[in-house]
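Peer 1: Mind having a look at this structure? Questions to follow.
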Amino acid sequence: MIIFLYSIAAAAVLIYVPFLLVAYARVRIGYEMFSTPGAMFDKLPPYAQQATWAHQNTFEAFMVFAAAALMAYVTGVNSTKAQVAAIAFVVARLLYSIFYILNIPFCVSVAPLKEAR
């Protein structure tokens, strides 16, 4: 059952992984500490813009996942399927961020599969 807490912690760390690329890009273009980050967004290279959006999307997914995993932990769910699902979420979010930053839409979404039918 402790796997639920570890998966919440890992998912929380994954929120900031894409932002490391954003920070790197900001330093490269001459980030000023007290300037407006919104004005700088247009100056960022495409990979950093993608990383910003991946970072923001990860916040949205984290809230739902953390609530579900915490409920599973508190209620004492002792299911292998639930534990595998928690681990799969963390792995999927890591891959999602990578594919999103690399701008590989087929891997980010199943939308191309729906359009092909």
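Numbering starts fresh at 1 for the residues of each chain in the structure tokens, the chains themselves are lettered A, B, ... in the order given, and ligands are numbered from 1 as they appear.
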Apply DSSP to the backbone of this structure and, from chain A, keep only the residues in helix (DSSP H, G or I); write these as a PyMOL selection string.

Peer 2: chain A and resi 2-28+37-41+46-74+80-101+105-108+111-116

Peer 1: Got time to write the residues from that selection, C-alpha atoms, as a CSV table (one decimal), in the first residue's frame?

Peer 2:
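Result file follows (part-v2.csv):
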```csv
chain,number,residue,atom,x,y,z
A,2,ILE,CA,2.9,2.3,0.5
A,3,ILE,CA,3.3,2.3,-3.3
A,4,PHE,CA,0.4,4.8,-3.5
A,5,LEU,CA,2.4,7.4,-1.4
A,6,TYR,CA,5.6,6.8,-3.4
A,7,SER,CA,3.6,7.2,-6.7
A,8,ILE,CA,2.2,10.5,-5.4
A,9,ALA,CA,5.7,11.7,-4.5
A,10,ALA,CA,7.0,10.6,-7.9
A,11,ALA,CA,4.2,12.3,-9.7
A,12,ALA,CA,4.8,15.5,-7.7
A,13,VAL,CA,8.4,15.5,-8.8
A,14,LEU,CA,7.4,14.9,-12.4
A,15,ILE,CA,5.5,18.2,-12.4
A,16,TYR,CA,8.8,20.1,-12.3
A,17,VAL,CA,10.8,17.9,-14.8
A,18,PRO,CA,9.6,19.8,-17.9
A,19,PHE,CA,10.2,23.1,-16.1
A,20,LEU,CA,13.9,22.3,-15.9
A,21,LEU,CA,14.0,22.7,-19.7
A,22,VAL,CA,12.2,26.0,-19.4
A,23,ALA,CA,14.7,27.2,-16.8
A,24,TYR,CA,17.6,26.2,-19.0
A,25,ALA,CA,16.1,28.1,-22.0
A,26,ARG,CA,15.4,31.2,-19.9
A,27,VAL,CA,19.0,31.3,-18.7
A,28,ARG,CA,20.2,30.9,-22.3
A,37,PRO,CA,7.7,35.6,-17.4
A,38,GLY,CA,4.7,36.0,-19.8
A,39,ALA,CA,6.6,38.5,-21.9
A,40,MET,CA,9.5,36.1,-22.1
A,41,PHE,CA,7.4,33.2,-23.3
A,46,PRO,CA,9.9,25.9,-29.4
A,47,TYR,CA,11.1,23.1,-27.1
A,48,ALA,CA,10.8,25.4,-24.1
A,49,GLN,CA,7.3,26.5,-25.0
A,50,GLN,CA,6.3,22.9,-25.3
A,51,ALA,CA,7.9,22.2,-22.0
A,52,THR,CA,5.9,25.0,-20.4
A,53,TRP,CA,2.7,23.5,-21.7
A,54,ALA,CA,3.7,20.0,-20.5
A,55,HIS,CA,4.5,21.5,-17.1
A,56,GLN,CA,1.1,23.1,-16.9
A,57,ASN,CA,-0.8,20.0,-18.1
A,58,THR,CA,1.0,17.9,-15.5
A,59,PHE,CA,-0.4,20.1,-12.7
A,60,GLU,CA,-3.9,19.3,-14.0
A,61,ALA,CA,-3.4,15.6,-14.1
A,62,PHE,CA,-1.6,15.5,-10.8
A,63,MET,CA,-4.6,16.8,-8.8
A,64,VAL,CA,-6.9,14.0,-9.9
A,65,PHE,CA,-4.3,11.3,-9.5
A,66,ALA,CA,-3.2,12.5,-6.1
A,67,ALA,CA,-6.7,12.5,-4.8
A,68,ALA,CA,-7.4,9.0,-6.2
A,69,ALA,CA,-4.1,7.5,-4.9
A,70,LEU,CA,-4.5,9.1,-1.5
A,71,MET,CA,-8.1,7.7,-1.2
A,72,ALA,CA,-6.8,4.3,-2.1
A,73,TYR,CA,-4.1,4.5,0.6
A,74,VAL,CA,-6.4,5.9,3.3
A,80,THR,CA,-2.3,-5.4,-7.2
A,81,LYS,CA,-4.3,-3.8,-10.1
A,82,ALA,CA,-4.5,-0.5,-8.2
A,83,GLN,CA,-0.8,-0.5,-7.4
A,84,VAL,CA,0.1,-1.3,-11.0
A,85,ALA,CA,-2.3,1.5,-12.1
A,86,ALA,CA,-0.5,4.0,-9.8
A,87,ILE,CA,2.9,3.0,-11.2
A,88,ALA,CA,1.6,3.1,-14.8
A,89,PHE,CA,0.3,6.6,-14.2
A,90,VAL,CA,3.7,7.8,-13.2
A,91,VAL,CA,5.4,6.1,-16.1
A,92,ALA,CA,2.8,7.4,-18.6
A,93,ARG,CA,3.2,11.0,-17.3
A,94,LEU,CA,6.9,10.8,-17.8
A,95,LEU,CA,6.5,9.5,-21.3
A,96,TYR,CA,3.8,12.1,-22.0
A,97,SER,CA,6.1,15.0,-21.0
A,98,ILE,CA,8.9,13.6,-23.2
A,99,PHE,CA,6.7,13.1,-26.2
A,100,TYR,CA,5.0,16.5,-25.7
A,101,ILE,CA,8.3,18.3,-25.5
A,105,PRO,CA,1.6,14.2,-31.4
A,106,PHE,CA,0.9,10.5,-32.2
A,107,CYS,CA,2.5,9.5,-28.9
A,108,VAL,CA,0.8,12.2,-26.9
A,111,ALA,CA,-6.6,11.4,-31.6
A,112,PRO,CA,-4.7,10.3,-34.8
A,113,LEU,CA,-6.1,6.8,-34.3
A,114,LYS,CA,-9.6,8.1,-34.2
A,115,GLU,CA,-9.2,10.2,-37.3
A,116,ALA,CA,-7.8,7.3,-39.3
```
